[in-house]
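**Q** Input data-v6.pdb, format and content: PDB, C-alpha atoms and all ligand atoms.
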ATOM      1  CA  MET A   1      -6.776 -26.067 -45.745
ATOM      2  CA  LYS A   2      -5.880 -26.804 -42.126
ATOM      3  CA  GLU A   3      -8.569 -27.167 -39.431
ATOM      4  CA  LEU A   4      -8.796 -24.206 -37.065
ATOM      5  CA  LYS A   5      -6.794 -25.835 -34.246
ATOM      6  CA  GLY A   6      -3.926 -26.754 -36.570
ATOM      7  CA  LEU A   7      -4.116 -23.375 -38.260
ATOM      8  CA  LYS A   8      -3.928 -21.562 -34.924
ATOM      9  CA  GLU A   9      -0.810 -23.519 -33.957
ATOM     10  CA  TRP A  10       0.733 -22.832 -37.338
ATOM     11  CA  ALA A  11      -0.171 -19.124 -37.317
ATOM     12  CA  GLY A  12       0.790 -18.348 -33.685
ATOM     13  CA  PRO A  13       4.543 -17.930 -34.278
ATOM     14  CA  LEU A  14       3.881 -15.755 -37.346
ATOM     15  CA  THR A  15       1.557 -13.487 -35.367
ATOM     16  CA  GLU A  16       4.243 -13.147 -32.683
ATOM     17  CA  ALA A  17       6.754 -12.237 -35.375
ATOM     18  CA  ILE A  18       4.670  -9.214 -36.454
ATOM     19  CA  ALA A  19       5.897  -7.143 -33.497
ATOM     20  CA  LEU A  20       9.494  -8.310 -34.018
ATOM     21  CA  ARG A  21       9.657  -7.450 -37.726
ATOM     22  CA  SER A  22      11.104  -4.255 -39.108
ATOM     23  CA  SER A  23      12.793  -3.584 -42.420
ATOM     24  CA  VAL A  24      16.519  -4.310 -42.264
ATOM     25  CA  ARG A  25      18.820  -3.160 -45.071
ATOM     26  CA  ALA A  26      22.296  -4.268 -43.915
ATOM     27  CA  PHE A  27      23.216  -7.945 -43.820
ATOM     28  CA  ALA A  28      26.127 -10.144 -42.816
ATOM     29  CA  GLN A  29      27.671 -11.374 -46.054
ATOM     30  CA  ALA A  30      27.900 -15.110 -45.265
ATOM     31  CA  PRO A  31      25.352 -17.282 -47.114
ATOM     32  CA  LEU A  32      22.558 -18.817 -45.039
ATOM     33  CA  PRO A  33      23.006 -22.491 -44.071
ATOM     34  CA  ASN A  34      21.621 -24.987 -46.605
ATOM     35  CA  GLU A  35      19.542 -26.755 -43.996
ATOM     36  CA  LEU A  36      17.757 -23.519 -43.081
ATOM     37  CA  LEU A  37      17.082 -22.731 -46.740
ATOM     38  CA  GLU A  38      15.790 -26.232 -47.454
ATOM     39  CA  GLY A  39      13.475 -26.001 -44.449
ATOM     40  CA  MET A  40      12.218 -22.660 -45.654
ATOM     41  CA  GLY A  41      11.652 -24.071 -49.148
ATOM     42  CA  ARG A  42       9.515 -26.877 -47.688
ATOM     43  CA  TRP A  43       7.595 -24.408 -45.513
ATOM     44  CA  ILE A  44       6.842 -22.238 -48.551
ATOM     45  CA  LYS A  45       5.540 -25.246 -50.518
ATOM     46  CA  GLU A  46       3.063 -26.099 -47.756
ATOM     47  CA  LEU A  47       1.766 -22.564 -47.124
ATOM     48  CA  PRO A  48      -1.933 -22.901 -46.133
ATOM     49  CA  VAL A  49      -3.278 -19.648 -47.574
ATOM     50  CA  PRO A  50      -7.077 -19.234 -47.538
ATOM     51  CA  PHE A  51      -7.549 -18.644 -51.294
ATOM     52  CA  GLU A  52      -6.454 -19.759 -54.764
ATOM     53  CA  HIS A  53      -3.518 -17.759 -56.093
ATOM     54  CA  ASN A  54      -0.761 -17.786 -58.697
ATOM     55  CA  ALA A  55       2.085 -16.420 -56.569
ATOM     56  CA  LYS A  56       5.368 -18.301 -56.965
ATOM     57  CA  PRO A  57       7.836 -17.339 -54.267
ATOM     58  CA  GLN A  58      11.393 -18.337 -55.220
ATOM     59  CA  LEU A  59      14.476 -18.306 -53.042
ATOM     60  CA  PHE A  60      17.601 -17.390 -54.989
ATOM     61  CA  GLU A  61      21.266 -16.695 -54.429
ATOM     62  CA  ALA A  62      22.811 -13.519 -55.815
ATOM     63  CA  GLU A  63      26.407 -12.922 -56.738
ATOM     64  CA  PRO A  64      28.144 -10.697 -54.170
ATOM     65  CA  GLY A  65      29.413  -7.305 -55.327
ATOM     66  CA  LYS A  66      26.547  -6.656 -57.776
ATOM     67  CA  LYS A  67      23.905  -3.996 -57.271
ATOM     68  CA  LEU A  68      20.641  -5.893 -56.856
ATOM     69  CA  TYR A  69      18.744  -3.236 -54.881
ATOM     70  CA  ASN A  70      18.448   0.521 -55.257
ATOM     71  CA  ASN A  71      20.469   1.205 -52.118
ATOM     72  CA  GLY A  72      23.349  -0.999 -53.230
ATOM     73  CA  ILE A  73      22.880  -3.828 -50.742
ATOM     74  CA  ASN A  74      23.350  -7.279 -52.134
ATOM     75  CA  PRO A  75      23.215 -10.170 -49.698
ATOM     76  CA  VAL A  76      23.665 -13.711 -50.970
ATOM     77  CA  ASN A  77      20.150 -14.946 -50.127
ATOM     78  CA  ASN A  78      17.008 -13.403 -51.510
ATOM     79  CA  LEU A  79      13.376 -14.144 -52.245
ATOM     80  CA  ALA A  80      11.622 -13.182 -55.476
ATOM     81  CA  VAL A  81       7.813 -13.053 -55.342
ATOM     82  CA  VAL A  82       6.603 -13.888 -58.853
ATOM     83  CA  SER A  83       2.970 -13.688 -60.000
ATOM     84  CA  GLN A  84       0.611 -12.482 -62.719
ATOM     85  CA  THR A  85       0.277  -8.681 -62.747
ATOM     86  CA  ASP A  86      -3.502  -8.124 -62.326
ATOM     87  CA  LEU A  87      -4.358  -6.278 -59.117
ATOM     88  CA  VAL A  88      -5.791  -9.252 -57.239
ATOM     89  CA  SER A  89      -2.811 -11.452 -58.160
ATOM     90  CA  ILE A  90      -0.218  -8.911 -57.017
ATOM     91  CA  SER A  91      -2.167  -8.298 -53.820
ATOM     92  CA  LYS A  92      -2.265 -12.041 -53.115
ATOM     93  CA  ALA A  93       1.477 -12.137 -53.871
ATOM     94  CA  GLY A  94       1.935  -9.488 -51.144
ATOM     95  CA  PHE A  95      -0.090 -11.665 -48.741
ATOM     96  CA  VAL A  96       1.949 -14.789 -49.501
ATOM     97  CA  GLY A  97       5.283 -12.932 -49.400
ATOM     98  CA  GLU A  98       4.487 -11.294 -46.069
ATOM     99  CA  LEU A  99       3.796 -14.693 -44.463
ATOM    100  CA  ILE A 100       7.225 -15.814 -45.694
ATOM    101  CA  MET A 101       8.781 -12.621 -44.323
ATOM    102  CA  LEU A 102       7.249 -13.337 -40.893
ATOM    103  CA  HIS A 103       8.435 -16.939 -41.023
ATOM    104  CA  ALA A 104      11.966 -15.677 -41.774
ATOM    105  CA  VAL A 105      11.746 -13.381 -38.734
ATOM    106  CA  ARG A 106      10.731 -16.392 -36.610
ATOM    107  CA  LEU A 107      13.883 -18.132 -37.816
ATOM    108  CA  GLY A 108      15.989 -15.220 -36.538
ATOM    109  CA  LEU A 109      16.484 -13.678 -39.978
ATOM    110  CA  SER A 110      15.978 -10.127 -41.139
ATOM    111  CA  ALA A 111      14.557  -8.938 -44.446
ATOM    112  CA  CYS A 112      13.125  -5.963 -46.310
ATOM    113  CA  TRP A 113      10.585  -5.760 -49.114
ATOM    114  CA  PHE A 114      11.958  -4.125 -52.268
ATOM    115  CA  GLY A 115       9.735  -2.892 -55.067
ATOM    116  CA  HIS A 116      12.805  -1.289 -56.591
ATOM    117  CA  TYR A 117      15.096  -4.204 -57.358
ATOM    118  CA  LYS A 118      17.295  -4.139 -60.451
ATOM    119  CA  LEU A 119      15.377  -6.158 -63.029
ATOM    120  CA  ALA A 120      18.381  -7.080 -65.218
ATOM    121  CA  GLU A 121      20.188  -8.379 -62.155
ATOM    122  CA  VAL A 122      17.210 -10.487 -61.006
ATOM    123  CA  GLY A 123      16.920 -11.834 -64.569
ATOM    124  CA  ARG A 124      20.326 -13.470 -64.105
ATOM    125  CA  TYR A 125      18.892 -15.642 -61.348
ATOM    126  CA  ILE A 126      15.219 -16.108 -62.315
ATOM    127  CA  PRO A 127      15.153 -17.108 -65.992
ATOM    128  CA  GLY A 128      12.688 -15.434 -68.341
ATOM    129  CA  MET A 129      11.962 -12.411 -66.158
ATOM    130  CA  ALA A 130      14.189  -9.740 -67.699
ATOM    131  CA  ALA A 131      13.990  -9.884 -71.505
ATOM    132  CA  ALA A 132      14.931  -6.575 -73.185
ATOM    133  CA  GLY A 133      11.251  -5.589 -73.653
ATOM    134  CA  ARG A 134      10.589  -6.123 -69.983
ATOM    135  CA  ILE A 135      13.513  -3.978 -68.930
ATOM    136  CA  LYS A 136      12.043  -1.215 -71.130
ATOM    137  CA  GLU A 137       8.720  -1.483 -69.222
ATOM    138  CA  SER A 138      10.471  -1.098 -65.867
ATOM    139  CA  THR A 139      11.100   2.194 -64.078
ATOM    140  CA  MET A 140      14.600   3.099 -65.263
ATOM    141  CA  GLY A 141      15.671  -0.532 -64.892
ATOM    142  CA  TYR A 142      14.049  -1.066 -61.478
ATOM    143  CA  GLY A 143      10.936  -3.117 -60.676
ATOM    144  CA  TYR A 144       8.757  -4.961 -63.189
ATOM    145  CA  GLY A 145       6.774  -2.203 -64.871
ATOM    146  CA  LYS A 146       3.896   0.127 -64.243
ATOM    147  CA  HIS A 147       0.914  -1.671 -65.758
ATOM    148  CA  VAL A 148      -1.186  -4.809 -65.766
ATOM    149  CA  ASP A 149       0.169  -7.079 -68.498
ATOM    150  CA  VAL A 150       0.005 -10.667 -69.688
ATOM    151  CA  GLY A 151       2.364 -13.147 -68.038
ATOM    152  CA  GLU A 152       4.377 -13.447 -64.875
ATOM    153  CA  ARG A 153       6.647 -10.816 -63.358
ATOM    154  CA  VAL A 154       8.840 -10.532 -60.289
ATOM    155  CA  ILE A 155       6.473  -8.366 -58.241
ATOM    156  CA  CYS A 156       8.952  -7.657 -55.440
ATOM    157  CA  CYS A 157      12.208  -9.004 -54.065
ATOM    158  CA  MET A 158      13.409  -9.441 -50.539
ATOM    159  CA  PRO A 159      16.994  -9.685 -49.293
ATOM    160  CA  MET A 160      17.137 -12.160 -46.409
ATOM    161  CA  GLY A 161      19.890 -12.822 -43.932
ATOM    162  CA  TYR A 162      21.367 -12.147 -40.539
ATOM    163  CA  LYS A 163      21.372  -8.465 -39.686
ATOM    164  CA  ASP A 164      24.763  -6.771 -39.832
ATOM    165  CA  GLU A 165      24.758  -5.248 -36.359
ATOM    166  CA  THR A 166      27.919  -3.255 -37.109
ATOM    167  CA  ALA A 167      26.473  -1.304 -40.057
ATOM    168  CA  LYS A 168      25.695   2.297 -39.177
ATOM    169  CA  ARG A 169      24.803   3.874 -42.485
ATOM    170  CA  LEU A 170      22.675   7.013 -42.497
ATOM    171  CA  VAL A 171      20.237   5.424 -44.975
ATOM    172  CA  ASP A 172      19.457   2.594 -42.533
ATOM    173  CA  PHE A 173      19.045   4.989 -39.628
ATOM    174  CA  VAL A 174      16.638   7.275 -41.500
ATOM    175  CA  ALA A 175      14.666   4.388 -43.039
ATOM    176  CA  GLY A 176      14.458   2.634 -39.665
ATOM    177  CA  LYS A 177      13.170   5.776 -37.975
ATOM    178  CA  ASN A 178      10.493   6.317 -40.602
ATOM    179  CA  GLY A 179       9.545   2.687 -40.382
ATOM    180  CA  ALA A 180       8.717   2.829 -36.705
ATOM    181  CA  LYS A 181       5.924   5.381 -37.171
ATOM    182  CA  ARG A 182       2.332   4.351 -37.758
ATOM    183  CA  LYS A 183      -0.766   6.494 -38.323
ATOM    184  CA  PRO A 184      -3.428   6.599 -35.601
ATOM    185  CA  THR A 185      -6.279   4.164 -36.299
ATOM    186  CA  PRO A 186      -9.004   6.819 -36.908
ATOM    187  CA  GLU A 187      -6.975   8.133 -39.890
ATOM    188  CA  LEU A 188      -7.052   4.650 -41.411
ATOM    189  CA  LEU A 189     -10.771   3.983 -41.021
ATOM    190  CA  GLU A 190     -13.231   4.472 -43.862
ATOM    191  CA  SER A 191     -15.636   5.668 -41.153
ATOM    192  CA  PRO A 192     -13.482   7.472 -38.550
ATOM    193  CA  GLY A 193     -16.627   7.988 -36.447
ATOM    194  CA  LEU A 194     -16.518   4.287 -35.497
ATOM    195  CA  ALA A 195     -13.151   4.697 -33.774
ATOM    196  CA  GLY A 196     -14.531   4.872 -30.220
ATOM    197  CA  GLU A 197     -16.850   1.872 -30.707
ATOM    198  CA  ILE A 198     -14.482  -0.825 -31.980
ATOM    199  CA  PRO A 199     -14.548  -3.988 -29.804
ATOM    200  CA  ALA A 200     -11.206  -4.676 -28.108
ATOM    201  CA  GLU A 201     -10.473  -7.843 -30.118
ATOM    202  CA  ILE A 202     -11.056  -6.091 -33.449
ATOM    203  CA  GLU A 203      -8.954  -3.138 -32.247
ATOM    204  CA  ALA A 204      -6.162  -5.644 -31.501
ATOM    205  CA  VAL A 205      -6.477  -7.098 -35.022
ATOM    206  CA  LEU A 206      -6.222  -3.585 -36.504
ATOM    207  CA  GLU A 207      -3.095  -2.913 -34.417
ATOM    208  CA  LEU A 208      -1.479  -5.985 -36.003
ATOM    209  CA  ALA A 209      -2.689  -4.872 -39.449
ATOM    210  CA  LYS A 210      -1.094  -1.447 -38.967
ATOM    211  CA  LEU A 211       2.320  -3.037 -38.349
ATOM    212  CA  ALA A 212       2.387  -4.292 -41.954
ATOM    213  CA  PRO A 213       5.185  -2.831 -44.060
ATOM    214  CA  SER A 214       4.343  -0.422 -46.875
ATOM    215  CA  ALA A 215       6.494   1.180 -49.551
ATOM    216  CA  ALA A 216       7.938   4.475 -48.255
ATOM    217  CA  ASN A 217       5.874   3.756 -45.120
ATOM    218  CA  SER A 218       2.850   5.233 -46.940
ATOM    219  CA  GLN A 219       0.271   3.173 -44.982
ATOM    220  CA  MET A 220      -2.224   3.445 -47.817
ATOM    221  CA  TRP A 221      -4.475   0.774 -46.311
ATOM    222  CA  ARG A 222      -7.957   1.840 -45.313
ATOM    223  CA  PHE A 223     -10.100  -0.355 -43.093
ATOM    224  CA  GLY A 224     -13.837  -0.795 -43.379
ATOM    225  CA  LEU A 225     -15.850  -2.162 -40.426
ATOM    226  CA  HIS A 226     -19.323  -3.523 -41.210
ATOM    227  CA  ASP A 227     -22.106  -5.871 -39.990
ATOM    228  CA  GLY A 228     -21.603  -4.980 -36.326
ATOM    229  CA  PHE A 229     -17.805  -5.473 -36.680
ATOM    230  CA  LYS A 230     -18.227  -8.992 -38.144
ATOM    231  CA  THR A 231     -16.784  -7.853 -41.467
ATOM    232  CA  ILE A 232     -13.416  -6.132 -41.898
ATOM    233  CA  THR A 233     -12.360  -4.842 -45.314
ATOM    234  CA  VAL A 234      -9.037  -3.461 -46.440
ATOM    235  CA  ALA A 235      -8.073  -1.697 -49.659
ATOM    236  CA  LYS A 236      -6.264   1.419 -50.813
ATOM    237  CA  PRO A 237      -8.527   4.487 -51.303
ATOM    238  CA  VAL A 238     -10.096   4.600 -54.805
ATOM    239  CA  GLY A 239      -7.823   6.672 -57.080
ATOM    240  CA  TYR A 240      -4.837   6.443 -54.707
ATOM    241  CA  LYS A 241      -1.446   7.006 -56.388
ATOM    242  CA  HIS A 242       2.045   7.244 -54.948
ATOM    243  CA  PHE A 243       4.761   9.113 -56.855
ATOM    244  CA  LYS A 244       7.426   6.471 -56.147
ATOM    245  CA  TRP A 245       5.501   3.184 -55.922
ATOM    246  CA  GLU A 246       3.134   2.058 -58.670
ATOM    247  CA  HIS A 247       1.707  -1.065 -57.013
ATOM    248  CA  PRO A 248       0.149  -0.259 -53.619
ATOM    249  CA  ASP A 249      -2.208  -3.248 -53.953
ATOM    250  CA  VAL A 250       0.810  -5.430 -53.114
ATOM    251  CA  ASP A 251       1.149  -3.648 -49.770
ATOM    252  CA  VAL A 252      -2.587  -4.013 -49.146
ATOM    253  CA  GLY A 253      -2.132  -7.790 -49.496
ATOM    254  CA  MET A 254       0.520  -7.700 -46.770
ATOM    255  CA  CYS A 255      -1.840  -5.818 -44.490
ATOM    256  CA  ALA A 256      -4.537  -8.408 -45.320
ATOM    257  CA  ALA A 257      -2.132 -11.177 -44.221
ATOM    258  CA  HIS A 258      -1.765  -9.459 -40.843
ATOM    259  CA  ILE A 259      -5.565  -9.192 -40.486
ATOM    260  CA  TRP A 260      -5.930 -12.892 -41.285
ATOM    261  CA  LEU A 261      -3.301 -13.845 -38.674
ATOM    262  CA  GLY A 262      -4.893 -11.520 -36.115
ATOM    263  CA  LEU A 263      -8.346 -13.038 -36.595
ATOM    264  CA  ILE A 264      -6.959 -16.575 -36.342
ATOM    265  CA  GLU A 265      -5.227 -15.572 -33.104
ATOM    266  CA  LYS A 266      -8.604 -14.447 -31.773
ATOM    267  CA  GLY A 267      -9.973 -17.909 -32.556
ATOM    268  CA  TYR A 268     -11.751 -17.162 -35.839
ATOM    269  CA  MET A 269     -11.471 -18.961 -39.149
ATOM    270  CA  PRO A 270     -12.626 -15.991 -41.250
ATOM    271  CA  LYS A 271     -14.105 -16.225 -44.724
ATOM    272  CA  VAL A 272     -11.614 -14.424 -46.949
ATOM    273  CA  ASP A 273     -12.345 -12.821 -50.301
ATOM    274  CA  ALA A 274     -10.120 -10.746 -52.596
ATOM    275  CA  ARG A 275     -11.657  -9.143 -55.667
ATOM    276  CA  ILE A 276     -11.413  -6.114 -57.935
ATOM    277  CA  ASP A 277     -13.326  -3.023 -56.841
ATOM    278  CA  ALA A 278     -12.877   0.002 -59.138
ATOM    279  CA  ASP A 279      -9.078   0.473 -59.454
ATOM    280  CA  ARG A 280      -8.062  -1.626 -56.492
ATOM    281  CA  ALA A 281      -7.839  -5.061 -54.930
ATOM    282  CA  PHE A 282     -10.457  -5.257 -52.208
ATOM    283  CA  TRP A 283     -10.155  -7.713 -49.314
ATOM    284  CA  THR A 284     -13.052  -8.855 -47.125
ATOM    285  CA  PHE A 285     -12.778 -10.876 -43.898
ATOM    286  CA  ASN A 286     -16.026 -12.129 -42.470
ATOM    287  CA  VAL A 287     -16.315 -13.775 -39.061
ATOM    288  CA  GLY A 288     -20.125 -14.047 -38.904
ATOM    289  CA  ASN A 289     -21.367 -17.668 -38.701
ATOM    290  CA  VAL A 290     -17.875 -19.159 -38.578
ATOM    291  CA  SER A 291     -16.529 -21.693 -36.133
ATOM    292  CA  ARG A 292     -14.557 -20.294 -33.240
ATOM    293  CA  MET A 293     -12.114 -21.848 -30.770
TER     294      MET A 293
HETATM  295  C1  LIG B   1       5.882  -3.183 -51.423
HETATM  296  C2  LIG B   1       7.044  -2.581 -50.686
HETATM  297  C3  LIG B   1       8.132  -2.097 -51.393
HETATM  298  C4  LIG B   1       9.233  -1.559 -50.710
HETATM  299  N1  LIG B   1      10.298  -1.116 -51.445
HETATM  300  C5  LIG B   1      11.393  -0.642 -50.802
HETATM  301  C6  LIG B   1      12.521  -0.224 -51.572
HETATM  302  O1  LIG B   1      12.509  -0.303 -52.816
HETATM  303  N2  LIG B   1      13.596   0.242 -50.885
HETATM  304  C7  LIG B   1      13.640   0.301 -49.509
HETATM  305  O2  LIG B   1      14.656   0.728 -48.931
HETATM  306  N3  LIG B   1      12.566  -0.089 -48.755
HETATM  307  C8  LIG B   1      11.460  -0.557 -49.370
HETATM  308  N4  LIG B   1      10.371  -0.980 -48.630
HETATM  309  C9  LIG B   1      10.396  -0.956 -47.149
HETATM  310  C10 LIG B   1       9.568   0.193 -46.555
HETATM  311  O3  LIG B   1      10.276   1.417 -46.671
HETATM  312  C11 LIG B   1       9.241  -0.111 -45.094
HETATM  313  O4  LIG B   1       8.433  -1.262 -45.036
HETATM  314  C12 LIG B   1       8.487   1.026 -44.418
HETATM  315  O5  LIG B   1       9.324   2.176 -44.276
HETATM  316  C13 LIG B   1       7.971   0.636 -43.044
HETATM  317  O6  LIG B   1       9.040   0.266 -42.204
HETATM  318  P1  LIG B   1       9.074  -1.154 -41.479
HETATM  319  O7  LIG B   1       9.039  -2.196 -42.561
HETATM  320  O8  LIG B   1      10.391  -1.153 -40.715
HETATM  321  O9  LIG B   1       7.882  -1.248 -40.577
HETATM  322  C14 LIG B   1       9.247  -1.491 -49.289
HETATM  323  C15 LIG B   1       8.131  -1.977 -48.587
HETATM  324  C16 LIG B   1       7.046  -2.520 -49.263
HETATM  325  C17 LIG B   1       5.900  -3.057 -48.480
END
Can you give me the file's structure in the form of structure tokens?
**A**
Amino acid sequence: MKELKGLKEWAGPLTEAIALRSSVRAFAQAPLPNELLEGMGRWIKELPVPFEHNAKPQLFEAEPGKKLYNNGINPVNNLAVVSQTDLVSISKAGFVGELIMLHAVRLGLSACWFGHYKLAEVGRYIPGMAAAGRIKESTMGYGYGKHVDVGERVICCMPMGYKDETAKRLVDFVAGKNGAKRKPTPELLESPGLAGEIPAEIEAVLELAKLAPSAANSQMWRFGLHDGFKTITVAKPVGYKHFKWEHPDVDVGMCAAHIWLGLIEKGYMPKVDARIDADRAFWTFNVGNVSRM
């Protein structure tokens, strides 16, 4: 783990990228330069995340002209986020993948998270992920399945590339418009009554958290504020289900990554914990008794 000063320098560009990121679904078709991909591969290997995890992000090239994603886009360069399927593992995979997404944005690239990637297609590039039984578990051939199971799966995929500025498809316009909207903070608090009392620096961290992506822009994250605002928690509501997306704990991990970056930006090295609570992954960030720059 890096010391706070080094971590702050490392995290700064990622935090800046939060405001620049939005989901892009149309890409220039040329492959990304090798040098850029090699640099990204090295960056991924050295990721200083504040917990143990089993996420295995893998860059891969896809054959043009095939349908890798549910909207038919298929750029050459992609990222598969592989991990075990228990709720904490997939949530940590969301955390790790979101840091990579923000790094890609810093490099001038665009990307979009996809829960609905075509499993058989991904199996051509990531060996062992798309055996016949696994395709049966998936949702009509898309994604990795609905349940916790033994072994590794491709939790999500991400096309990555330079944005095709000329593309003007209705699907991108509608998705982009939806993407811009975020719920007001009081709607996302476990205790909405605290809304008027939140210290400015914690408010700023929550603003960064709210810019996290979420499937169908559902924004299922709920924030808890405890111990005089020294503890921030994030999780989906107990019992939460979405009709199109079976794994909201992945999205919660992305939101947790934004909280972590926001707290580092404010000079904290928070204690981070991710555990199971009822039917959800539950993240806790504590800044009491920690060193501060
Ligand atoms: C876990 C996850 C899965 C997603 N899956 C898809 C998908 O299958 N297809 C798609 O077009 N967008 C997908 N998205 C992108 C969301 O629609 C997008 O993040 C959301 O509308 C918010 O917009 P923004 O990312 O531009 O802020 C996914 C996002 C997340 C976080």
**Q** List the neighbours of Leu32 of chain A out to 10 Å using only C-alpha atoms; skip same-chain residues closer than 4 positions along the sequence, and give me the result as JSON, numbers by chain.
**A** {"A": [28, 36, 37, 61, 75, 76, 77, 109, 160, 161, 162]}
**Q** Around ligand LIG 1 (chain B), at most 8 Å away and counting all atoms listed in the file, which residues are there? Put them as a PyMOL selection string, please.
**A** chain A and resi 21-25+69-71+94+112-117+156+175-181+211-218+245+247-248+250-251+254
**Q** Translate the PyMOL selection byres (((chain A and resi 267) around 8) and not hetatm) into a concrete residue list for this structure, as an mmCIF file with C-alpha atoms, in the frame of the given file.
**A**
data_model
loop_
_atom_site.group_PDB
_atom_site.id
_atom_site.type_symbol
_atom_site.label_atom_id
_atom_site.label_comp_id
_atom_site.auth_asym_id
_atom_site.auth_seq_id
_atom_site.Cartn_x
_atom_site.Cartn_y
_atom_site.Cartn_z
ATOM 1 C CA LEU A 4 -8.796 -24.206 -37.065
ATOM 2 C CA LYS A 8 -3.928 -21.562 -34.924
ATOM 3 C CA LEU A 263 -8.346 -13.038 -36.595
ATOM 4 C CA ILE A 264 -6.959 -16.575 -36.342
ATOM 5 C CA GLU A 265 -5.227 -15.572 -33.104
ATOM 6 C CA LYS A 266 -8.604 -14.447 -31.773
ATOM 7 C CA TYR A 268 -11.751 -17.162 -35.839
ATOM 8 C CA MET A 269 -11.471 -18.961 -39.149
ATOM 9 C CA ARG A 292 -14.557 -20.294 -33.240
ATOM 10 C CA MET A 293 -12.114 -21.848 -30.770
#
**Q** Convert the output of the PyMOL selection byres (((chain A and resi 226-235) around 10) and not hetatm) on the shown file into explicit residues, formatted as JSON, numbers by chain.
**A** {"A": [91, 188, 189, 190, 191, 194, 197, 198, 199, 202, 205, 206, 209, 220, 221, 222, 223, 224, 225, 236, 237, 238, 248, 249, 251, 252, 253, 255, 256, 259, 270, 271, 272, 273, 274, 276, 277, 280, 281, 282, 283, 284, 285, 286, 287, 288, 289]}
**Q** Report, as lines of an AutoDock Vina configuration file, the axis-aligned box around all atoms of segment 235-246 of chain A present in the file, extended by 6 Å on each side; give centre and edge lengths in Å to one decimal place.
**A**
center_x = -1.3
center_y = 3.7
center_z = -54.2
size_x = 29.5
size_y = 22.8
size_z = 21.0
**Q** With the file shown as input, list the residues that the PyMOL selection byres (((chain A and resi 130) around 10) and not hetatm) selects, as a list in words.
**A**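 This file gives the following for the PyMOL selection byres (((chain A and resi 130) around 10) and not hetatm): Lys118, Leu119, Ala120, Glu121, Val122, Gly123, Arg124, Tyr125, Ile126, Pro127, Gly128, Met129, Ala131, Ala132, Gly133, Arg134, Ile135, Lys136, Ser138, Gly141, Tyr144, Arg153 and Val154 of chain A.
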**Q** Would you save the residues of that selection, restricted to C-alpha atoms, as an mmCIF file, in the coordinates of the input?
**A**
data_model
loop_
_atom_site.group_PDB
_atom_site.id
_atom_site.type_symbol
_atom_site.label_atom_id
_atom_site.label_comp_id
_atom_site.auth_asym_id
_atom_site.auth_seq_id
_atom_site.Cartn_x
_atom_site.Cartn_y
_atom_site.Cartn_z
ATOM 1 C CA LYS A 118 17.295 -4.139 -60.451
ATOM 2 C CA LEU A 119 15.377 -6.158 -63.029
ATOM 3 C CA ALA A 120 18.381 -7.080 -65.218
ATOM 4 C CA GLU A 121 20.188 -8.379 -62.155
ATOM 5 C CA VAL A 122 17.210 -10.487 -61.006
ATOM 6 C CA GLY A 123 16.920 -11.834 -64.569
ATOM 7 C CA ARG A 124 20.326 -13.470 -64.105
ATOM 8 C CA TYR A 125 18.892 -15.642 -61.348
ATOM 9 C CA ILE A 126 15.219 -16.108 -62.315
ATOM 10 C CA PRO A 127 15.153 -17.108 -65.992
ATOM 11 C CA GLY A 128 12.688 -15.434 -68.341
ATOM 12 C CA MET A 129 11.962 -12.411 -66.158
ATOM 13 C CA ALA A 131 13.990 -9.884 -71.505
ATOM 14 C CA ALA A 132 14.931 -6.575 -73.185
ATOM 15 C CA GLY A 133 11.251 -5.589 -73.653
ATOM 16 C CA ARG A 134 10.589 -6.123 -69.983
ATOM 17 C CA ILE A 135 13.513 -3.978 -68.930
ATOM 18 C CA LYS A 136 12.043 -1.215 -71.130
ATOM 19 C CA SER A 138 10.471 -1.098 -65.867
ATOM 20 C CA GLY A 141 15.671 -0.532 -64.892
ATOM 21 C CA TYR A 144 8.757 -4.961 -63.189
ATOM 22 C CA ARG A 153 6.647 -10.816 -63.358
ATOM 23 C CA VAL A 154 8.840 -10.532 -60.289
#
**Q** Rounded to one decimal, what separation in Å do you get between atom CA of Val82 of chain A and atom CA of Pro57 of chain A?
**A**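 Separating atom CA of Val82 of chain A from atom CA of Pro57 of chain A is a distance of 5.9 Å.
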**Q** For Asn78 of chain A, which residue among A:Ile18, A:Met40, A:Glu52, A:Pro13 is the nearest when counting all atoms listed in the file?
**A**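 The answer is A:Met40, which sits nearest to Asn78 of chain A.
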**Q** Between atom CA of Glu16 of chain A and atom CA of Leu102 of chain A, what is the spacing in Å?
**A** 8.7 Å
**Q** What separation in Å, quoted to one decimal, exists between atom CA of Thr166 of chain A and atom CA of Gln29 of chain A?
**A** 12.1 Å
**Q** Which residue, A:Leu261, A:Met101, A:Ala278, A:Ala55, has the smallest gap to Glu9 of chain A when you use all atoms listed in the file?
**A**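 Between A:Leu261, A:Met101, A:Ala278, A:Ala55, the residue approaching Glu9 of chain A most closely is A:Leu261.
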**Q** Which is closer to Ile73 of chain A than all the others in A:Pro159, A:Gly97, A:Gly145, A:Gly39, using all atoms listed in the file?
**A**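 Ranked by minimum distance to Ile73 of chain A, first place goes to A:Pro159.
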**Q** Set the distance at 8 Å and use only C-alpha atoms: which residues neighbour Leu99 of chain A once local chain neighbours fewer than 3 positions away are removed? I'd like the list as an MDAnalysis selection string.
**A** chainID A and resid 14 95:96 102:103 257
**Q** Considering all atoms listed in the file, can you say which of A:Glu35, A:Glu246, A:Leu7, A:Ala17 comes closest to Gly108 of chain A?
**A**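 Distance minimum relative to Gly108 of chain A lands on A:Ala17.
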**Q** Within 6 Å of (4.2, -12.6, -56.9), in the coordinates the file gives, what residues turn up when you count all atoms listed in the file, written out as a PyMOL selection string?
**A** chain A and resi 55-56+81-83+90+93+155
**Q** Write out, as a short mmCIF file (atom, residue, chain, number, x, y, z; two decimals), keeping the file's coordinate frame, the residues just selected, with C-alpha atoms.
**A**
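And here's part.cif as it stands now:
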data_model
loop_
_atom_site.label_atom_id
_atom_site.label_comp_id
_atom_site.auth_asym_id
_atom_site.auth_seq_id
_atom_site.Cartn_x
_atom_site.Cartn_y
_atom_site.Cartn_z
CA ALA A 55 2.08 -16.42 -56.57
CA LYS A 56 5.37 -18.30 -56.96
CA VAL A 81 7.81 -13.05 -55.34
CA VAL A 82 6.60 -13.89 -58.85
CA SER A 83 2.97 -13.69 -60.00
CA ILE A 90 -0.22 -8.91 -57.02
CA ALA A 93 1.48 -12.14 -53.87
CA ILE A 155 6.47 -8.37 -58.24
#
